[in-house]
$ cat coords_17.txt   # compact mmCIF, C-alpha atoms and all ligand atoms
# COMPACT_ATOMS: atom_id res chain seq x y z
CA MET A 18 99.84 124.88 107.41
CA LYS A 19 103.52 125.71 107.48
CA ARG A 20 104.61 127.43 110.70
CA GLY A 21 107.20 130.16 110.26
CA TRP A 22 110.34 130.76 112.31
CA ASN A 23 108.77 132.97 114.96
CA PHE A 24 111.13 135.50 116.61
CA ASN A 25 108.36 137.80 117.84
CA PRO A 26 109.26 139.79 120.97
CA GLY A 27 105.88 139.25 122.63
CA PRO A 28 103.34 137.84 122.37
CA ALA A 29 105.86 135.26 121.32
CA ALA A 30 106.25 131.70 120.08
CA LEU A 31 104.45 128.98 122.01
CA PRO A 32 105.43 125.32 121.88
CA LEU A 33 103.47 123.59 119.10
CA GLU A 34 102.58 120.79 121.55
CA VAL A 35 100.92 123.35 123.81
CA LEU A 36 98.87 124.80 120.95
CA GLU A 37 97.78 121.31 119.92
CA GLN A 38 96.78 120.39 123.46
CA ALA A 39 94.82 123.62 123.89
CA LYS A 40 93.06 122.99 120.58
CA GLU A 41 92.16 119.51 121.67
CA ALA A 42 90.51 120.86 124.83
CA PHE A 43 88.99 123.97 123.27
CA VAL A 44 85.45 122.88 122.47
CA GLU A 45 85.03 120.42 125.28
CA TYR A 46 87.22 120.24 128.35
CA GLY A 47 87.62 116.64 129.49
CA ASP A 48 84.18 114.99 129.49
CA GLN A 49 82.42 117.90 131.04
CA GLY A 50 80.06 118.80 128.23
CA LEU A 51 81.39 122.34 127.91
CA SER A 52 84.50 124.33 127.14
CA LEU A 53 86.79 125.81 129.75
CA LEU A 54 85.86 129.23 128.34
CA GLU A 55 82.26 128.64 129.37
CA MET A 56 82.95 127.19 132.79
CA SER A 57 82.39 128.89 136.13
CA HIS A 58 85.54 130.06 137.84
CA ARG A 59 83.93 128.72 141.02
CA SER A 60 84.00 125.17 139.67
CA ARG A 61 86.29 122.50 141.10
CA THR A 62 87.90 122.14 137.68
CA VAL A 63 89.01 125.77 137.52
CA GLU A 64 90.09 125.80 141.18
CA ARG A 65 92.24 122.76 140.45
CA ILE A 66 93.79 124.29 137.31
CA VAL A 67 94.76 127.45 139.20
CA ALA A 68 96.21 125.50 142.15
CA GLU A 69 98.17 123.16 139.86
CA THR A 70 99.58 126.06 137.86
CA GLU A 71 100.81 127.69 141.07
CA ARG A 72 102.44 124.46 142.23
CA LEU A 73 104.04 123.79 138.82
CA LEU A 74 105.64 127.21 138.70
CA LEU A 75 107.01 127.01 142.25
CA ASP A 76 108.34 123.49 141.53
CA LEU A 77 110.11 124.63 138.36
CA ILE A 78 111.91 127.47 140.11
CA GLY A 79 112.49 125.41 143.24
CA LEU A 80 110.89 127.77 145.74
CA SER A 81 109.44 126.65 149.02
CA SER A 82 106.02 127.34 150.42
CA GLU A 83 107.19 130.73 151.76
CA TYR A 84 106.18 132.02 148.34
CA ARG A 85 102.84 132.25 146.61
CA VAL A 86 101.97 132.63 142.95
CA LEU A 87 99.19 135.07 142.15
CA PHE A 88 97.51 135.30 138.75
CA MET A 89 96.63 138.84 137.86
CA GLY A 90 95.43 140.97 134.93
CA GLY A 91 96.72 144.17 133.36
CA GLY A 92 100.04 142.79 132.13
CA ALA A 93 103.44 143.71 133.49
CA SER A 94 102.46 147.36 133.09
CA ALA A 95 99.83 147.02 135.84
CA GLN A 96 102.60 145.73 138.14
CA PHE A 97 104.59 148.92 137.45
CA ALA A 98 101.79 150.72 139.36
CA LEU A 99 100.74 148.01 141.82
CA VAL A 100 104.22 147.56 143.30
CA PRO A 101 104.48 151.17 144.55
CA MET A 102 100.76 151.28 145.46
CA ASN A 103 101.29 148.33 147.77
CA PHE A 104 104.81 148.82 149.07
CA LEU A 105 105.87 152.46 148.75
CA GLY A 106 104.99 153.80 152.21
CA GLU A 107 105.26 157.34 153.61
CA GLY A 108 108.83 158.49 154.19
CA LYS A 109 110.22 155.63 152.12
CA VAL A 110 111.84 155.67 148.69
CA GLY A 111 111.38 153.14 145.90
CA ARG A 112 114.79 152.65 144.30
CA TYR A 113 115.00 151.61 140.66
CA LEU A 114 117.69 150.24 138.44
CA VAL A 115 116.74 152.07 135.27
CA SER A 116 118.34 149.73 132.75
CA GLY A 117 116.00 150.02 129.79
CA SER A 118 112.69 151.42 128.58
CA PHE A 119 110.47 149.05 130.55
CA ALA A 120 112.49 149.73 133.70
CA GLU A 121 112.05 153.44 133.06
CA LYS A 122 108.30 153.00 132.69
CA ALA A 123 108.17 151.19 136.03
CA TYR A 124 110.16 154.01 137.63
CA ARG A 125 107.87 156.68 136.15
CA GLU A 126 104.77 154.94 137.50
CA ALA A 127 106.32 154.91 140.98
CA LEU A 128 106.83 158.68 140.77
CA THR A 129 103.05 159.09 140.41
CA ILE A 130 102.52 157.24 143.70
CA GLY A 131 105.30 158.43 145.98
CA GLN A 132 109.02 159.01 146.25
CA ALA A 133 111.24 157.15 143.84
CA GLU A 134 114.84 157.41 142.75
CA ALA A 135 117.00 155.86 140.06
CA LEU A 136 119.91 153.91 141.58
CA ALA A 137 121.51 153.95 138.16
CA SER A 138 120.41 154.77 134.65
CA GLY A 139 121.82 153.56 131.36
CA LYS A 140 119.83 156.01 129.27
CA ALA A 141 122.63 158.51 128.62
CA GLU A 142 124.74 155.67 127.21
CA GLY A 143 121.96 154.52 124.90
CA TRP A 144 121.22 151.51 127.16
CA ARG A 145 124.36 149.75 125.92
CA LYS A 146 125.65 148.86 129.39
CA LEU A 147 124.36 147.72 132.75
CA PRO A 148 125.52 148.79 136.20
CA ASP A 149 127.46 146.34 138.37
CA VAL A 150 124.97 145.30 141.03
CA ARG A 151 127.19 142.96 143.04
CA GLN A 152 128.25 145.70 145.48
CA LEU A 153 125.00 147.63 145.39
CA LYS A 154 124.53 149.83 148.46
CA VAL A 155 121.00 150.76 149.41
CA ALA A 156 120.01 153.36 152.00
CA THR A 157 117.89 152.24 154.95
CA ASP A 158 114.94 154.39 153.87
CA THR A 159 114.52 152.20 150.78
CA ALA A 160 111.03 150.67 150.47
CA TYR A 161 112.27 148.19 147.85
CA VAL A 162 114.73 147.86 145.01
CA HIS A 163 113.19 147.26 141.58
CA MET A 164 115.09 145.74 138.68
CA THR A 165 114.24 144.50 135.20
CA THR A 166 116.32 141.35 134.85
CA ASN A 167 116.14 141.32 131.05
CA ASN A 168 115.69 144.45 128.97
CA THR A 169 113.52 143.14 126.16
CA ILE A 170 113.62 146.17 123.90
CA GLU A 171 117.34 146.96 124.13
CA GLY A 172 118.61 143.37 124.44
CA SER A 173 120.57 143.49 127.70
CA GLN A 174 120.39 141.20 130.72
CA PHE A 175 121.72 141.24 134.27
CA ARG A 176 123.99 138.26 135.01
CA ASP A 177 124.05 138.99 138.75
CA LEU A 178 121.45 139.88 141.31
CA PRO A 179 122.13 142.41 144.04
CA ASP A 180 122.06 141.40 147.68
CA THR A 181 119.61 143.82 149.26
CA GLY A 182 119.49 142.18 152.70
CA GLU A 183 116.26 143.00 154.53
CA ILE A 184 115.10 145.36 151.80
CA PRO A 185 112.76 143.61 149.36
CA LEU A 186 114.16 143.03 145.90
CA ILE A 187 111.46 143.17 143.23
CA GLY A 188 112.06 141.89 139.73
CA ASP A 189 110.31 142.31 136.40
CA MET A 190 111.22 139.00 134.77
CA THR A 191 108.64 139.15 132.02
CA SER A 192 111.13 138.36 129.28
CA ASP A 193 113.50 135.91 130.99
CA ILE A 194 111.56 133.96 133.58
CA LEU A 195 112.34 130.21 133.41
CA SER A 196 115.16 130.80 130.94
CA ARG A 197 118.15 130.37 133.29
CA ARG A 198 119.13 129.34 136.79
CA LEU A 199 118.99 132.09 139.41
CA ASP A 200 119.06 132.46 143.16
CA TRP A 201 115.34 133.06 143.47
CA THR A 202 115.48 133.48 147.23
CA LYS A 203 117.05 136.91 146.72
CA PHE A 204 113.70 138.16 145.45
CA ALA A 205 110.76 139.16 147.60
CA LEU A 206 108.56 139.54 144.53
CA VAL A 207 108.93 138.68 140.87
CA TYR A 208 106.37 139.39 138.20
CA ALA A 209 106.14 138.20 134.65
CA ALA A 210 103.43 138.84 132.10
CA ALA A 211 102.87 135.48 130.44
CA GLN A 212 103.26 136.33 126.77
CA LYS A 213 107.02 135.73 126.47
CA ASN A 214 108.06 132.58 128.33
CA LEU A 215 104.92 131.47 130.17
CA GLY A 216 102.03 131.29 127.73
CA PRO A 217 99.61 133.61 125.96
CA ALA A 218 98.86 137.24 126.86
CA GLY A 219 96.15 137.97 129.42
CA VAL A 220 97.66 136.86 132.70
CA THR A 221 100.62 137.90 134.81
CA ALA A 222 102.29 135.56 137.29
CA VAL A 223 103.38 137.24 140.52
CA ILE A 224 105.68 135.15 142.68
CA VAL A 225 105.79 136.74 146.08
CA ARG A 226 106.98 136.01 149.60
CA GLU A 227 104.08 135.60 152.08
CA GLU A 228 105.74 138.09 154.40
CA LEU A 229 105.71 140.83 151.80
CA ILE A 230 102.04 140.23 150.99
CA LYS A 231 101.21 140.83 154.66
CA ALA A 232 103.21 144.09 154.70
CA GLY A 233 101.22 145.60 151.80
CA ASN A 234 99.17 148.80 152.05
CA LYS A 235 95.56 148.23 153.21
CA GLN A 236 94.37 151.73 152.29
CA ILE A 237 93.99 151.05 148.57
CA PRO A 238 91.06 149.37 146.81
CA SER A 239 91.05 145.64 147.55
CA ILE A 240 91.28 144.67 143.87
CA PHE A 241 94.72 146.33 143.82
CA GLN A 242 96.04 144.61 146.95
CA TYR A 243 98.18 141.51 146.53
CA ARG A 244 96.62 140.04 149.70
CA THR A 245 93.23 139.91 148.01
CA TYR A 246 94.66 137.57 145.38
CA ALA A 247 96.59 135.53 147.95
CA ASP A 248 93.61 135.16 150.31
CA ASN A 249 91.33 134.06 147.50
CA SER A 250 93.72 131.84 145.52
CA SER A 251 93.50 134.34 142.63
CA LEU A 252 89.73 133.72 142.42
CA TYR A 253 88.47 136.89 144.10
CA ASN A 254 87.07 138.01 140.79
CA THR A 255 86.92 136.20 137.46
CA PRO A 256 90.47 135.42 136.38
CA PRO A 257 91.56 134.84 132.77
CA VAL A 258 90.90 131.11 133.08
CA HIS A 259 91.95 130.07 129.60
CA ALA A 260 95.21 132.02 129.75
CA ILE A 261 96.03 130.35 133.08
CA TYR A 262 95.19 126.96 131.59
CA MET A 263 97.59 127.63 128.72
CA MET A 264 100.23 128.71 131.21
CA LYS A 265 99.74 125.36 132.94
CA LEU A 266 100.30 123.55 129.63
CA THR A 267 103.40 125.67 128.97
CA LEU A 268 104.80 124.90 132.42
CA GLU A 269 104.18 121.17 131.91
CA TRP A 270 106.00 121.43 128.58
CA THR A 271 108.87 123.24 130.34
CA ALA A 272 109.12 120.46 132.91
CA ARG A 273 109.06 117.78 130.16
CA GLN A 274 112.01 119.47 128.45
CA GLY A 275 114.08 119.04 131.61
CA GLY A 276 113.14 122.24 133.38
CA ILE A 277 115.27 125.36 133.75
CA PRO A 278 118.73 123.71 133.63
CA GLU A 279 118.03 122.12 130.24
CA LEU A 280 116.36 125.23 128.83
CA GLU A 281 119.30 127.35 129.96
CA LYS A 282 121.69 125.13 128.00
CA ARG A 283 119.49 125.32 124.93
CA ASN A 284 119.10 129.08 125.26
CA GLU A 285 122.87 129.53 125.45
CA ARG A 286 123.32 127.50 122.27
CA LYS A 287 120.45 129.26 120.50
CA ILE A 288 121.56 132.82 121.22
CA GLY A 289 125.15 131.71 120.58
CA PHE A 290 124.28 131.03 116.92
CA LEU A 291 122.91 134.56 116.59
CA TYR A 292 125.73 136.44 118.31
CA GLU A 293 128.23 134.40 116.34
CA ALA A 294 126.55 135.52 113.12
CA ILE A 295 126.52 139.14 114.32
CA ASP A 296 130.21 139.11 115.26
CA ALA A 297 131.35 137.15 112.20
CA GLY A 298 129.98 139.95 110.03
CA ASP A 299 133.01 142.05 110.98
CA GLY A 300 131.00 145.24 111.36
CA PHE A 301 128.29 144.40 108.84
CA TYR A 302 126.05 143.71 111.84
CA GLN A 303 126.63 145.94 114.86
CA GLY A 304 125.41 144.61 118.17
CA ILE A 305 123.53 147.35 120.04
CA VAL A 306 124.55 146.21 123.54
CA GLU A 307 128.16 145.81 124.71
CA LYS A 308 129.17 142.17 124.84
CA PRO A 309 129.24 141.51 128.61
CA TYR A 310 125.64 142.70 128.93
CA ARG A 311 124.10 140.89 125.98
CA SER A 312 120.76 139.21 126.58
CA MET A 313 120.26 135.48 126.17
CA MET A 314 116.67 136.14 125.08
CA ASN A 315 116.73 139.17 122.77
CA ALA A 316 119.62 139.80 120.37
CA THR A 317 119.63 143.33 118.94
CA TRP A 318 121.74 144.78 116.17
CA ARG A 319 121.93 147.51 113.58
CA MET A 320 123.22 147.65 110.04
CA ARG A 321 124.95 150.41 108.11
CA ASP A 322 121.73 152.16 107.10
CA GLU A 323 118.00 151.90 107.53
CA GLY A 324 117.48 150.95 103.91
CA LEU A 325 119.57 147.83 104.36
CA GLU A 326 117.75 147.01 107.60
CA LYS A 327 114.44 147.23 105.78
CA GLN A 328 115.84 144.98 103.04
CA PHE A 329 116.91 142.48 105.72
CA VAL A 330 113.40 142.36 107.18
CA LEU A 331 111.84 142.02 103.74
CA GLU A 332 114.09 139.17 102.63
CA SER A 333 113.83 137.42 106.01
CA GLU A 334 110.03 137.47 105.76
CA ARG A 335 110.23 135.91 102.32
CA GLU A 336 112.28 133.09 103.86
CA GLY A 337 109.69 132.46 106.58
CA PHE A 338 111.20 134.44 109.46
CA ILE A 339 108.75 136.43 111.58
CA GLY A 340 109.23 139.38 113.92
CA LEU A 341 112.80 140.56 113.27
CA ALA A 342 112.24 144.33 113.08
CA GLY A 343 113.60 146.15 116.13
CA HIS A 344 111.34 147.98 118.57
CA ARG A 345 110.13 151.31 117.13
CA SER A 346 111.95 153.20 119.89
CA VAL A 347 115.34 151.61 119.11
CA GLY A 348 115.19 150.68 115.44
CA GLY A 349 117.55 148.13 113.95
CA LEU A 350 116.84 144.42 114.21
CA ARG A 351 115.89 142.16 117.08
CA ALA A 352 115.58 138.39 117.32
CA SER A 353 113.77 137.13 120.41
CA ALA A 354 114.73 133.54 121.10
CA TYR A 355 112.49 132.68 124.06
CA ASN A 356 112.18 129.20 125.53
CA ALA A 357 109.69 127.97 122.93
CA VAL A 358 111.81 129.04 119.94
CA PRO A 359 113.49 125.87 118.63
CA GLU A 360 117.22 125.56 118.09
CA GLU A 361 116.65 124.97 114.35
CA ALA A 362 115.04 128.40 114.05
CA CYS A 363 118.16 130.09 115.43
CA LYS A 364 120.44 128.00 113.23
CA ALA A 365 118.35 128.89 110.18
CA LEU A 366 118.47 132.59 111.07
CA ALA A 367 122.25 132.52 111.54
CA GLU A 368 122.57 130.94 108.09
CA PHE A 369 120.26 133.54 106.62
CA MET A 370 122.39 136.28 108.20
CA ASN A 371 125.57 134.83 106.69
CA ASP A 372 123.93 134.54 103.26
CA PHE A 373 122.69 138.10 103.54
CA ILE A 374 126.25 139.35 103.96
CA ARG A 375 127.31 137.45 100.85
CA LYS A 376 124.54 139.15 98.89
CA HIS A 377 124.81 142.66 100.28
CA GLY A 378 128.22 142.93 101.99
C1 LIG B 1 106.85 142.86 127.53
C2 LIG B 1 107.37 143.47 128.76
C3 LIG B 1 106.61 144.35 129.54
C4 LIG B 1 105.23 144.82 129.12
O1 LIG B 1 104.29 143.86 129.37
P1 LIG B 1 102.72 144.18 129.20
O2 LIG B 1 102.11 142.86 129.59
O3 LIG B 1 102.49 144.56 127.79
O4 LIG B 1 102.37 145.26 130.16
C5 LIG B 1 107.16 144.84 130.70
N1 LIG B 1 108.39 144.48 131.10
C6 LIG B 1 109.16 143.65 130.37
C7 LIG B 1 110.54 143.29 130.85
C8 LIG B 1 108.67 143.13 129.19
O5 LIG B 1 109.43 142.30 128.46
$ encode --input "coords_17.txt" --output "structure tokens"
Amino acid sequence: MKRGWNFNPGPAALPLEVLEQAKEAFVEYGDQGLSLLEMSHRSRTVERIVAETERLLLDLIGLSSEYRVLFMGGGASAQFALVPMNFLGEGKVGRYLVSGSFAEKAYREALTIGQAEALASGKAEGWRKLPDVRQLKVATDTAYVHMTTNNTIEGSQFRDLPDTGEIPLIGDMTSDILSRRLDWTKFALVYAAAQKNLGPAGVTAVIVREELIKAGNKQIPSIFQYRTYADNSSLYNTPPVHAIYMMKLTLEWTARQGGIPELEKRNERKIGFLYEAIDAGDGFYQGIVEKPYRSMMNATWRMRDEGLEKQFVLESEREGFIGLAGHRSVGGLRASAYNAVPEEACKALAEFMNDFIRKHG
């Protein structure tokens, strides 16, 4: 089998080593006479896998024991609802940085639960810019501030985090977790569906300060309360065991590469190849996002007409590139260069882009 150059936005590329390891363990896990998929989630083996995955993630981001990692279902979209259900109390306002379509979805879910406001919105400008959050002022009636650190669909990314003081900062980091160094202590809660930088779809990692868990609403069904997951080590009900196991393998791979600092360097080089190719086209490729806000994970661009964009996708597929069509809501092209996408893939794509200009420019 020849593996293609996978630039899928999510579910996305996984390290080949991780796939091989998972395959190895698929039919029989260790010497236990059964597969992990058939094993009780009450077994010591599964308990250990869940505990190790939590520890690995906290180690990689360098957070202390003030934080817990919870493994939950429903994807990042479930978190859009669970955050306000748990933390948007009476008389308080959830304040959202509406920086892209996923951020807007999170904001809209909050409106179904209680009071929410947009601190800023980039919609009118076609999501091409991001607000400056360094001097962000938040009113005292704010329940929490919610931000999407990387806007997967549009291809923009916050460089800075706001300082919200006592008010909890909540981040959707689904598409850039573990990709760069950050001051994690600024966050009270971060969530990331696994299918971009953490593993396969089916599980969401929620990294949350113990204090915030305790402050959550107790008047909602227990399955929707973060404390239920914290009190039961994410084993209150049957968790997606195999997805968590694959997250564990992905985290071990991440650590073997040199952790976040090394991946950040690689990611800068990788996305650098792509933006260089976009800019060298002298207008042939038009970046969708203004330069200071460009994402290190998802590069997005348009071409002079849709016909040419379709031709680009067609020819790229013939050359073994996968997943370059832009999101249906934005159009154009998008290359998602998550942690597991190798440097060679980005180099090959940049070359393809240069060749494409020679043919069609
Ligand atoms: C992919 C993505 C989502 C949606 O995740 P689901 O698991 O499909 O709900 C939400 N937010 C961001 C930033 C994403 O990249």
$ closest_atom_pairs --input "coords_17.txt" --of "chain A" --to "ligand LIG 1 (chain B)" --cutoff "6 Å" --atoms "all atoms listed in the file" --output "Markdown table"
| residue | atom | partner | partner_atom | distance |
| --- | --- | --- | --- | --- |
| A:Gly92 | CA | B:LIG1 | O2 | 3.3 |
| A:Ala93 | CA | B:LIG1 | O4 | 3.8 |
| A:Ser94 | CA | B:LIG1 | O4 | 3.6 |
| A:Phe119 | CA | B:LIG1 | N1 | 5.1 |
| A:Thr165 | CA | B:LIG1 | C7 | 5.8 |
| A:Asn167 | CA | B:LIG1 | C7 | 5.9 |
| A:Asn168 | CA | B:LIG1 | C7 | 5.6 |
| A:Thr169 | CA | B:LIG1 | O5 | 4.8 |
| A:Asp189 | CA | B:LIG1 | C7 | 5.6 |
| A:Met190 | CA | B:LIG1 | C7 | 5.9 |
| A:Thr191 | CA | B:LIG1 | C7 | 4.7 |
| A:Ser192 | CA | B:LIG1 | O5 | 4.4 |
| A:Ala210 | CA | B:LIG1 | O2 | 4.9 |
$ closest_residue --input "coords_17.txt" --among "A:Met370, A:Cys363, A:Val110, A:Leu215" --to "Val330 (chain A)" --atoms "all atoms listed in the file"
A:Met370
$ closest_atom_pairs --input "coords_17.txt" --of "region 25-68 of chain A" --to "region 339-351 of chain A" --cutoff "12 Å" --atoms "only C-alpha atoms" --output "JSON lines"
{"residue": "A:Asn25", "atom": "CA", "partner": "A:Gly340", "partner_atom": "CA", "distance": 4.3}
{"residue": "A:Pro26", "atom": "CA", "partner": "A:Gly340", "partner_atom": "CA", "distance": 7.1}
{"residue": "A:Gly27", "atom": "CA", "partner": "A:Gly340", "partner_atom": "CA", "distance": 9.3}
{"residue": "A:Pro28", "atom": "CA", "partner": "A:Gly340", "partner_atom": "CA", "distance": 10.4}
{"residue": "A:Ala29", "atom": "CA", "partner": "A:Gly340", "partner_atom": "CA", "distance": 9.1}
{"residue": "A:Ala30", "atom": "CA", "partner": "A:Ile339", "partner_atom": "CA", "distance": 10.0}
$ residues_around --input "coords_17.txt" --residues "Asn254 (chain A)" --least-positions-apart "4" --cutoff "9 Å" --atoms "all atoms listed in the file" --output "number ranges by chain"
A: 58, 240, 246, 249
$ write_last_selection --input "coords_17.txt" --atoms "C-alpha atoms" --output "tab-separated table (two decimals), keeping the file's coordinate frame"
chain	number	residue	atom	x	y	z
A	58	HIS	CA	85.54	130.06	137.84
A	240	ILE	CA	91.28	144.67	143.87
A	246	TYR	CA	94.66	137.57	145.38
A	249	ASN	CA	91.33	134.06	147.50
$ atom_distance --input "coords_17.txt" --atom1 "CA of Ser81 (chain A)" --atom2 "CA of Phe175 (chain A)"
24.1 Å
$ closest_residue --input "coords_17.txt" --among "A:Ser82, A:Phe24, A:Glu126, A:Leu206" --to "Ala316 (chain A)" --atoms "only C-alpha atoms"
A:Phe24
$ atom_distance --input "coords_17.txt" --atom1 "CA of Pro179 (chain A)" --atom2 "CA of Lys203 (chain A)"
8.0 Å
$ residues_around --input "coords_17.txt" --residues "Arg283 (chain A)" --least-positions-apart "4" --cutoff "9 Å" --atoms "only C-alpha atoms" --output "short mmCIF file (atom, residue, chain, number, x, y, z; two decimals) with C-alpha atoms, in the coordinates of the input"
data_model
loop_
_atom_site.label_atom_id
_atom_site.label_comp_id
_atom_site.auth_asym_id
_atom_site.auth_seq_id
_atom_site.Cartn_x
_atom_site.Cartn_y
_atom_site.Cartn_z
CA PRO A 278 118.73 123.71 133.63
CA GLU A 279 118.03 122.12 130.24
CA LYS A 287 120.45 129.26 120.50
CA ILE A 288 121.56 132.82 121.22
CA ASN A 356 112.18 129.20 125.53
CA PRO A 359 113.49 125.87 118.63
CA GLU A 360 117.22 125.56 118.09
#
$ residues_around --input "coords_17.txt" --residues "Glu34 (chain A)" --least-positions-apart "3" --cutoff "10 Å" --atoms "all atoms listed in the file" --output "mmCIF file with C-alpha atoms, in the frame of the given file"
data_model
loop_
_atom_site.group_PDB
_atom_site.id
_atom_site.type_symbol
_atom_site.label_atom_id
_atom_site.label_comp_id
_atom_site.auth_asym_id
_atom_site.auth_seq_id
_atom_site.Cartn_x
_atom_site.Cartn_y
_atom_site.Cartn_z
ATOM 1 C CA LEU A 31 104.450 128.980 122.010
ATOM 2 C CA GLU A 37 97.780 121.310 119.920
ATOM 3 C CA GLN A 38 96.780 120.390 123.460
ATOM 4 C CA ALA A 39 94.820 123.620 123.890
ATOM 5 C CA LYS A 40 93.060 122.990 120.580
ATOM 6 C CA LEU A 266 100.300 123.550 129.630
ATOM 7 C CA THR A 267 103.400 125.670 128.970
ATOM 8 C CA TRP A 270 106.000 121.430 128.580
#
$ residues_near_point --input "coords_17.txt" --point "(109.3, 152.4, 131.4)" --cutoff "12 Å" --atoms "all atoms listed in the file" --output "number ranges by chain"
A: 93-98, 113-128, 138, 140, 164-165, 168-170, 189, 346
$ closest_residue --input "coords_17.txt" --among "A:Asn103, A:Leu87, A:Leu54, A:Leu36" --to "Asp248 (chain A)" --atoms "only C-alpha atoms"
A:Leu87
$ atom_distance --input "coords_17.txt" --atom1 "CA of Ser196 (chain A)" --atom2 "CA of Leu147 (chain A)"
19.3 Å
$ decode --input "coords_17.txt" --residues "region 75-93 of chain A" --atoms "N, CA and C atoms" --output "PDB file, in the first residue's frame"
ATOM      1  N   LEU A  75      -0.963  15.738  30.490  1.00  0.00           N
ATOM      2  CA  LEU A  75      -0.564  16.799  31.423  1.00  0.00           C
ATOM      3  C   LEU A  75       0.953  17.004  31.392  1.00  0.00           C
ATOM      4  N   ASP A  76       1.709  15.906  31.257  1.00  0.00           N
ATOM      5  CA  ASP A  76       3.175  16.016  31.169  1.00  0.00           C
ATOM      6  C   ASP A  76       3.588  16.794  29.926  1.00  0.00           C
ATOM      7  N   LEU A  77       2.963  16.481  28.798  1.00  0.00           N
ATOM      8  CA  LEU A  77       3.341  17.134  27.540  1.00  0.00           C
ATOM      9  C   LEU A  77       3.100  18.639  27.589  1.00  0.00           C
ATOM     10  N   ILE A  78       2.001  19.051  28.222  1.00  0.00           N
ATOM     11  CA  ILE A  78       1.728  20.488  28.266  1.00  0.00           C
ATOM     12  C   ILE A  78       2.305  21.122  29.511  1.00  0.00           C
ATOM     13  N   GLY A  79       2.870  20.319  30.395  1.00  0.00           N
ATOM     14  CA  GLY A  79       3.562  20.862  31.560  1.00  0.00           C
ATOM     15  C   GLY A  79       2.641  21.467  32.596  1.00  0.00           C
ATOM     16  N   LEU A  80       1.458  20.865  32.777  1.00  0.00           N
ATOM     17  CA  LEU A  80       0.545  21.377  33.794  1.00  0.00           C
ATOM     18  C   LEU A  80       0.656  20.549  35.069  1.00  0.00           C
ATOM     19  N   SER A  81       0.400  21.215  36.162  1.00  0.00           N
ATOM     20  CA  SER A  81       0.522  20.557  37.470  1.00  0.00           C
ATOM     21  C   SER A  81      -0.745  19.786  37.784  1.00  0.00           C
ATOM     22  N   SER A  82      -0.795  19.260  38.964  1.00  0.00           N
ATOM     23  CA  SER A  82      -1.938  18.443  39.367  1.00  0.00           C
ATOM     24  C   SER A  82      -3.167  19.285  39.713  1.00  0.00           C
ATOM     25  N   GLU A  83      -3.090  20.618  39.533  1.00  0.00           N
ATOM     26  CA  GLU A  83      -4.310  21.423  39.713  1.00  0.00           C
ATOM     27  C   GLU A  83      -5.306  21.168  38.584  1.00  0.00           C
ATOM     28  N   TYR A  84      -4.834  20.502  37.542  1.00  0.00           N
ATOM     29  CA  TYR A  84      -5.696  20.244  36.391  1.00  0.00           C
ATOM     30  C   TYR A  84      -5.988  18.755  36.277  1.00  0.00           C
ATOM     31  N   ARG A  85      -7.147  18.461  35.701  1.00  0.00           N
ATOM     32  CA  ARG A  85      -7.500  17.085  35.381  1.00  0.00           C
ATOM     33  C   ARG A  85      -7.730  16.981  33.874  1.00  0.00           C
ATOM     34  N   VAL A  86      -7.599  15.760  33.359  1.00  0.00           N
ATOM     35  CA  VAL A  86      -8.011  15.518  31.977  1.00  0.00           C
ATOM     36  C   VAL A  86      -9.206  14.584  32.019  1.00  0.00           C
ATOM     37  N   LEU A  87     -10.281  14.987  31.366  1.00  0.00           N
ATOM     38  CA  LEU A  87     -11.480  14.161  31.288  1.00  0.00           C
ATOM     39  C   LEU A  87     -11.634  13.679  29.847  1.00  0.00           C
ATOM     40  N   PHE A  88     -12.101  12.464  29.679  1.00  0.00           N
ATOM     41  CA  PHE A  88     -12.301  11.911  28.337  1.00  0.00           C
ATOM     42  C   PHE A  88     -13.797  11.775  28.099  1.00  0.00           C
ATOM     43  N   MET A  89     -14.274  12.527  27.128  1.00  0.00           N
ATOM     44  CA  MET A  89     -15.720  12.631  26.939  1.00  0.00           C
ATOM     45  C   MET A  89     -16.128  12.333  25.497  1.00  0.00           C
ATOM     46  N   GLY A  90     -17.425  12.106  25.288  1.00  0.00           N
ATOM     47  CA  GLY A  90     -17.950  11.834  23.947  1.00  0.00           C
ATOM     48  C   GLY A  90     -18.596  13.071  23.342  1.00  0.00           C
ATOM     49  N   GLY A  91     -19.127  12.918  22.139  1.00  0.00           N
ATOM     50  CA  GLY A  91     -19.897  13.998  21.523  1.00  0.00           C
ATOM     51  C   GLY A  91     -19.074  15.031  20.776  1.00  0.00           C
ATOM     52  N   GLY A  92     -17.773  14.826  20.721  1.00  0.00           N
ATOM     53  CA  GLY A  92     -16.916  15.745  19.951  1.00  0.00           C
ATOM     54  C   GLY A  92     -16.825  17.120  20.575  1.00  0.00           C
ATOM     55  N   ALA A  93     -16.155  18.017  19.883  1.00  0.00           N
ATOM     56  CA  ALA A  93     -16.035  19.394  20.361  1.00  0.00           C
ATOM     57  C   ALA A  93     -17.412  20.045  20.399  1.00  0.00           C
TER      58      ALA A  93
END
